[in-house]
Amino acid sequence: MSRVRNDLYQVANRIPLGSHVLDLGCGEGELLRWLFTNRACSGTGVEHEPGSVLKAMESGVPVLDLDIDTQLDLFAPDSYDYVVLSRTLQAIRRPDIALKQMRKIAPRLIVTMPNFGFWRNRTRLLSGHMPQSKDLPFNWYETPNLHHSTLVDMPPLFEVAQLRVAGRVPLAESGKILPLGSVFPNLRAGSAIYVLERIGS
């Protein structure tokens, strides 16, 4: 069985066999490639970075070069079972609008997000520096991230987008499930996976 990054493995474990998956910000297609091989899934990736698009295509993953901020309306309603947005929401100009578009494309979403409230990030701020961690690895002047949020900031955003949180999985910096994840997750988790369901039509 092929290997996949720890956090992506946790995402993959929440996608049923045979699902049709849209992976937004798919990078080199690592998640979709694993799902194709191990879960009999089908699907499409969306990526805007030319080098990543090329590598995904070379590995057999179908990829569209689209702008998540402006071109999600090209997908037909209910054309997928799941939409995945892994470590990308913070780099989108309007996360609320993107989520509203995503909920039209599929009834179920999986979103992963770095946690700005992680204790290492708080310590960096207290020392007078912008946060850097394994989940937020960039210097402030080169980061692609436009928005920083904590675990407690996410549910109100999902409510605005008419999405229900069906599950939340706090992750350690390693990308593995955080031990005792219900204990102070906003302080201890480097990131989190959210399993979301559409509310209404």
# chains A, B, ... in the order shown; residues from 1 in each chain; ligands from 1
>>> select_by_dssp(residues="region 33-97 of chain A", states="strand (DSSP E)", output="list in words")
Ser42, Gly43, Thr44, Gly45, Val46, Val63, Leu64, Tyr82, Val83, Val84, Leu85 and Ser86 of chain A
>>> closest_atom_pairs(of="region 67-98 of chain A", to="region 108-129 of chain A", cutoff="7 Å", atoms="only C-alpha atoms", output="CSV")
residue,atom,partner,partner_atom,distance
A:Asp81,CA,A:Arg108,CA,6.5
A:Tyr82,CA,A:Arg108,CA,5.1
A:Val83,CA,A:Leu109,CA,4.8
A:Val84,CA,A:Ile110,CA,4.8
A:Leu85,CA,A:Val111,CA,4.8
A:Ser86,CA,A:Thr112,CA,4.7
A:Arg87,CA,A:Met113,CA,5.1
A:Leu89,CA,A:Met113,CA,6.8
>>> residues_around(residues="region 167-181 of chain A", least_positions_apart="3", cutoff="10 Å", atoms="only C-alpha atoms", output="PyMOL selection string")
chain A and resi 5-11+14+110-115+118+133-135+151+164+184-186+188-197
>>> atom_distance(atom1="CA of Ala91 (chain A)", atom2="CA of Arg198 (chain A)")
22.5 Å
>>> atom_distance(atom1="CA of Leu24 (chain A)", atom2="CA of Gly45 (chain A)")
6.0 Å
>>> closest_residue(among="A:Arg33, A:His147, A:Arg103, A:Arg93", to="Ser59 (chain A)", atoms="only C-alpha atoms")
A:Arg33
>>> residues_around(residues="Gly43 (chain A)", least_positions_apart="2", cutoff="8 Å", atoms="only C-alpha atoms", output="tab-separated table (two decimals) with N, CA and C atoms, in the first residue's frame")
chain	number	residue	atom	x	y	z
A	20	HIS	N	-16.63	9.92	-5.39
A	20	HIS	CA	-16.17	10.82	-6.45
A	20	HIS	C	-15.72	12.11	-5.76
A	21	VAL	N	-14.42	12.45	-5.86
A	21	VAL	CA	-13.80	13.46	-5.00
A	21	VAL	C	-13.21	14.59	-5.83
A	22	LEU	N	-13.47	15.82	-5.38
A	22	LEU	CA	-12.82	17.00	-5.94
A	22	LEU	C	-11.84	17.51	-4.89
A	23	ASP	N	-10.56	17.56	-5.23
A	23	ASP	CA	-9.52	18.00	-4.29
A	23	ASP	C	-9.02	19.37	-4.72
A	32	LEU	N	-5.34	12.31	-3.98
A	32	LEU	CA	-6.15	11.64	-5.00
A	32	LEU	C	-5.48	10.36	-5.48
A	41	CYS	N	-11.62	5.16	-5.53
A	41	CYS	CA	-12.28	6.44	-5.75
A	41	CYS	C	-11.96	6.97	-7.14
A	45	GLY	N	-8.42	16.91	-9.43
A	45	GLY	CA	-7.71	17.89	-8.63
A	45	GLY	C	-7.81	19.27	-9.25
A	62	PRO	N	-5.85	13.44	-12.80
A	62	PRO	CA	-6.42	14.51	-13.64
A	62	PRO	C	-6.53	15.81	-12.85
A	80	TYR	N	-19.98	16.02	-7.39
A	80	TYR	CA	-19.05	15.19	-6.62
A	80	TYR	C	-19.71	14.75	-5.31
>>> residues_around(residues="region 48-50 of chain A", least_positions_apart="5", cutoff="7 Å", atoms="only C-alpha atoms", output="NGL selection string")
:A and (65-67)
>>> atom_distance(atom1="CA of Ile68 (chain A)", atom2="CA of Val53 (chain A)")
14.3 Å
>>> closest_residue(among="A:Arg3, A:Ser19, A:Phe158, A:Cys26", to="Asp96 (chain A)", atoms="only C-alpha atoms")
A:Phe158
>>> closest_residue(among="A:Arg94, A:Arg39, A:His148, A:Lys104", to="Ser201 (chain A)", atoms="only C-alpha atoms")
A:Lys104
>>> closest_residue(among="A:Asn139, A:Asn145, A:Asn38, A:Ser182", to="Pro95 (chain A)", atoms="only C-alpha atoms")
A:Asn145
>>> closest_residue(among="A:Val4, A:Ile105, A:Ala56, A:Ile97", to="Ala76 (chain A)", atoms="only C-alpha atoms")
A:Ile105
>>> select_by_dssp(residues="region 132-193 of chain A", states="helix (DSSP H, G or I)", output="list in words")
Leu151, Val152, Asp153, Met154, Pro155, Pro156, Leu157, Phe158, Glu159, Val160, Pro185, Asn186, Leu187 and Arg188 of chain A
>>> decode(residues="region 62-102 of chain A", atoms="N, CA and C atoms", output="PDB file, in the first residue's frame")
ATOM      1  N   PRO A  62      -5.854  13.439 -12.799  1.00  0.00           N
ATOM      2  CA  PRO A  62      -6.417  14.510 -13.635  1.00  0.00           C
ATOM      3  C   PRO A  62      -6.525  15.807 -12.853  1.00  0.00           C
ATOM      4  N   VAL A  63      -5.973  16.876 -13.410  1.00  0.00           N
ATOM      5  CA  VAL A  63      -5.903  18.150 -12.704  1.00  0.00           C
ATOM      6  C   VAL A  63      -6.364  19.278 -13.621  1.00  0.00           C
ATOM      7  N   LEU A  64      -7.126  20.206 -13.042  1.00  0.00           N
ATOM      8  CA  LEU A  64      -7.534  21.409 -13.743  1.00  0.00           C
ATOM      9  C   LEU A  64      -6.797  22.597 -13.145  1.00  0.00           C
ATOM     10  N   ASP A  65      -6.297  23.464 -13.992  1.00  0.00           N
ATOM     11  CA  ASP A  65      -5.624  24.685 -13.548  1.00  0.00           C
ATOM     12  C   ASP A  65      -6.680  25.778 -13.447  1.00  0.00           C
ATOM     13  N   LEU A  66      -7.240  25.936 -12.239  1.00  0.00           N
ATOM     14  CA  LEU A  66      -8.304  26.904 -12.017  1.00  0.00           C
ATOM     15  C   LEU A  66      -7.991  27.742 -10.789  1.00  0.00           C
ATOM     16  N   ASP A  67      -8.636  28.899 -10.710  1.00  0.00           N
ATOM     17  CA  ASP A  67      -8.518  29.792  -9.557  1.00  0.00           C
ATOM     18  C   ASP A  67      -9.678  29.493  -8.610  1.00  0.00           C
ATOM     19  N   ILE A  68      -9.366  29.006  -7.420  1.00  0.00           N
ATOM     20  CA  ILE A  68     -10.405  28.644  -6.452  1.00  0.00           C
ATOM     21  C   ILE A  68     -11.249  29.852  -6.081  1.00  0.00           C
ATOM     22  N   ASP A  69     -10.663  31.028  -6.063  1.00  0.00           N
ATOM     23  CA  ASP A  69     -11.396  32.231  -5.673  1.00  0.00           C
ATOM     24  C   ASP A  69     -12.462  32.639  -6.684  1.00  0.00           C
ATOM     25  N   THR A  70     -12.251  32.337  -7.961  1.00  0.00           N
ATOM     26  CA  THR A  70     -13.139  32.908  -8.984  1.00  0.00           C
ATOM     27  C   THR A  70     -13.780  31.893  -9.930  1.00  0.00           C
ATOM     28  N   GLN A  71     -13.333  30.635  -9.908  1.00  0.00           N
ATOM     29  CA  GLN A  71     -13.791  29.724 -10.955  1.00  0.00           C
ATOM     30  C   GLN A  71     -14.489  28.459 -10.460  1.00  0.00           C
ATOM     31  N   LEU A  72     -14.869  28.398  -9.205  1.00  0.00           N
ATOM     32  CA  LEU A  72     -15.560  27.205  -8.710  1.00  0.00           C
ATOM     33  C   LEU A  72     -16.957  27.055  -9.304  1.00  0.00           C
ATOM     34  N   ASP A  73     -17.515  28.144  -9.824  1.00  0.00           N
ATOM     35  CA  ASP A  73     -18.845  28.052 -10.428  1.00  0.00           C
ATOM     36  C   ASP A  73     -18.832  27.270 -11.742  1.00  0.00           C
ATOM     37  N   LEU A  74     -17.652  26.868 -12.218  1.00  0.00           N
ATOM     38  CA  LEU A  74     -17.562  26.029 -13.419  1.00  0.00           C
ATOM     39  C   LEU A  74     -18.005  24.592 -13.141  1.00  0.00           C
ATOM     40  N   PHE A  75     -18.055  24.200 -11.861  1.00  0.00           N
ATOM     41  CA  PHE A  75     -18.473  22.848 -11.509  1.00  0.00           C
ATOM     42  C   PHE A  75     -19.988  22.800 -11.313  1.00  0.00           C
ATOM     43  N   ALA A  76     -20.602  21.774 -11.868  1.00  0.00           N
ATOM     44  CA  ALA A  76     -22.052  21.620 -11.770  1.00  0.00           C
ATOM     45  C   ALA A  76     -22.460  21.279 -10.337  1.00  0.00           C
ATOM     46  N   PRO A  77     -23.647  21.685  -9.919  1.00  0.00           N
ATOM     47  CA  PRO A  77     -24.131  21.312  -8.583  1.00  0.00           C
ATOM     48  C   PRO A  77     -24.178  19.789  -8.413  1.00  0.00           C
ATOM     49  N   ASP A  78     -23.783  19.344  -7.232  1.00  0.00           N
ATOM     50  CA  ASP A  78     -23.815  17.917  -6.868  1.00  0.00           C
ATOM     51  C   ASP A  78     -23.066  17.028  -7.872  1.00  0.00           C
ATOM     52  N   SER A  79     -21.984  17.542  -8.416  1.00  0.00           N
ATOM     53  CA  SER A  79     -21.202  16.762  -9.375  1.00  0.00           C
ATOM     54  C   SER A  79     -20.160  15.879  -8.696  1.00  0.00           C
ATOM     55  N   TYR A  80     -19.984  16.019  -7.387  1.00  0.00           N
ATOM     56  CA  TYR A  80     -19.051  15.192  -6.619  1.00  0.00           C
ATOM     57  C   TYR A  80     -19.709  14.755  -5.309  1.00  0.00           C
ATOM     58  N   ASP A  81     -19.150  13.699  -4.727  1.00  0.00           N
ATOM     59  CA  ASP A  81     -19.610  13.250  -3.411  1.00  0.00           C
ATOM     60  C   ASP A  81     -18.937  14.039  -2.289  1.00  0.00           C
ATOM     61  N   TYR A  82     -17.658  14.347  -2.482  1.00  0.00           N
ATOM     62  CA  TYR A  82     -16.869  15.068  -1.480  1.00  0.00           C
ATOM     63  C   TYR A  82     -16.039  16.141  -2.157  1.00  0.00           C
ATOM     64  N   VAL A  83     -15.920  17.289  -1.500  1.00  0.00           N
ATOM     65  CA  VAL A  83     -14.922  18.290  -1.875  1.00  0.00           C
ATOM     66  C   VAL A  83     -13.926  18.381  -0.727  1.00  0.00           C
ATOM     67  N   VAL A  84     -12.646  18.275  -1.043  1.00  0.00           N
ATOM     68  CA  VAL A  84     -11.574  18.374  -0.053  1.00  0.00           C
ATOM     69  C   VAL A  84     -10.820  19.680  -0.272  1.00  0.00           C
ATOM     70  N   LEU A  85     -10.563  20.380   0.820  1.00  0.00           N
ATOM     71  CA  LEU A  85      -9.750  21.597   0.785  1.00  0.00           C
ATOM     72  C   LEU A  85      -8.740  21.473   1.913  1.00  0.00           C
ATOM     73  N   SER A  86      -7.543  21.022   1.582  1.00  0.00           N
ATOM     74  CA  SER A  86      -6.550  20.701   2.602  1.00  0.00           C
ATOM     75  C   SER A  86      -5.474  21.785   2.691  1.00  0.00           C
ATOM     76  N   ARG A  87      -5.419  22.457   3.840  1.00  0.00           N
ATOM     77  CA  ARG A  87      -4.393  23.472   4.108  1.00  0.00           C
ATOM     78  C   ARG A  87      -4.352  24.557   3.027  1.00  0.00           C
ATOM     79  N   THR A  88      -5.531  24.936   2.550  1.00  0.00           N
ATOM     80  CA  THR A  88      -5.628  25.910   1.470  1.00  0.00           C
ATOM     81  C   THR A  88      -6.576  27.051   1.809  1.00  0.00           C
ATOM     82  N   LEU A  89      -7.538  26.819   2.702  1.00  0.00           N
ATOM     83  CA  LEU A  89      -8.549  27.825   3.002  1.00  0.00           C
ATOM     84  C   LEU A  89      -7.925  29.151   3.426  1.00  0.00           C
ATOM     85  N   GLN A  90      -6.809  29.078   4.179  1.00  0.00           N
ATOM     86  CA  GLN A  90      -6.179  30.304   4.692  1.00  0.00           C
ATOM     87  C   GLN A  90      -5.507  31.126   3.592  1.00  0.00           C
ATOM     88  N   ALA A  91      -5.332  30.531   2.407  1.00  0.00           N
ATOM     89  CA  ALA A  91      -4.686  31.235   1.294  1.00  0.00           C
ATOM     90  C   ALA A  91      -5.693  31.766   0.271  1.00  0.00           C
ATOM     91  N   ILE A  92      -6.987  31.546   0.538  1.00  0.00           N
ATOM     92  CA  ILE A  92      -8.045  32.016  -0.353  1.00  0.00           C
ATOM     93  C   ILE A  92      -8.483  33.413   0.077  1.00  0.00           C
ATOM     94  N   ARG A  93      -8.767  34.273  -0.905  1.00  0.00           N
ATOM     95  CA  ARG A  93      -9.117  35.659  -0.576  1.00  0.00           C
ATOM     96  C   ARG A  93     -10.404  35.738   0.250  1.00  0.00           C
ATOM     97  N   ARG A  94     -11.434  34.993  -0.147  1.00  0.00           N
ATOM     98  CA  ARG A  94     -12.710  35.017   0.571  1.00  0.00           C
ATOM     99  C   ARG A  94     -13.129  33.586   0.915  1.00  0.00           C
ATOM    100  N   PRO A  95     -12.662  33.074   2.054  1.00  0.00           N
ATOM    101  CA  PRO A  95     -13.017  31.705   2.444  1.00  0.00           C
ATOM    102  C   PRO A  95     -14.518  31.476   2.543  1.00  0.00           C
ATOM    103  N   ASP A  96     -15.276  32.472   2.970  1.00  0.00           N
ATOM    104  CA  ASP A  96     -16.728  32.302   3.107  1.00  0.00           C
ATOM    105  C   ASP A  96     -17.382  32.041   1.760  1.00  0.00           C
ATOM    106  N   ILE A  97     -16.965  32.781   0.737  1.00  0.00           N
ATOM    107  CA  ILE A  97     -17.534  32.607  -0.593  1.00  0.00           C
ATOM    108  C   ILE A  97     -17.115  31.267  -1.181  1.00  0.00           C
ATOM    109  N   ALA A  98     -15.859  30.887  -0.980  1.00  0.00           N
ATOM    110  CA  ALA A  98     -15.380  29.596  -1.490  1.00  0.00           C
ATOM    111  C   ALA A  98     -16.157  28.440  -0.871  1.00  0.00           C
ATOM    112  N   LEU A  99     -16.393  28.492   0.433  1.00  0.00           N
ATOM    113  CA  LEU A  99     -17.146  27.429   1.100  1.00  0.00           C
ATOM    114  C   LEU A  99     -18.579  27.346   0.582  1.00  0.00           C
ATOM    115  N   LYS A 100     -19.192  28.486   0.325  1.00  0.00           N
ATOM    116  CA  LYS A 100     -20.552  28.494  -0.222  1.00  0.00           C
ATOM    117  C   LYS A 100     -20.582  27.851  -1.613  1.00  0.00           C
ATOM    118  N   GLN A 101     -19.544  28.079  -2.399  1.00  0.00           N
ATOM    119  CA  GLN A 101     -19.455  27.441  -3.716  1.00  0.00           C
ATOM    120  C   GLN A 101     -19.227  25.946  -3.573  1.00  0.00           C
ATOM    121  N   MET A 102     -18.369  25.567  -2.627  1.00  0.00           N
ATOM    122  CA  MET A 102     -18.052  24.155  -2.425  1.00  0.00           C
ATOM    123  C   MET A 102     -19.274  23.357  -2.003  1.00  0.00           C
TER     124      MET A 102
END
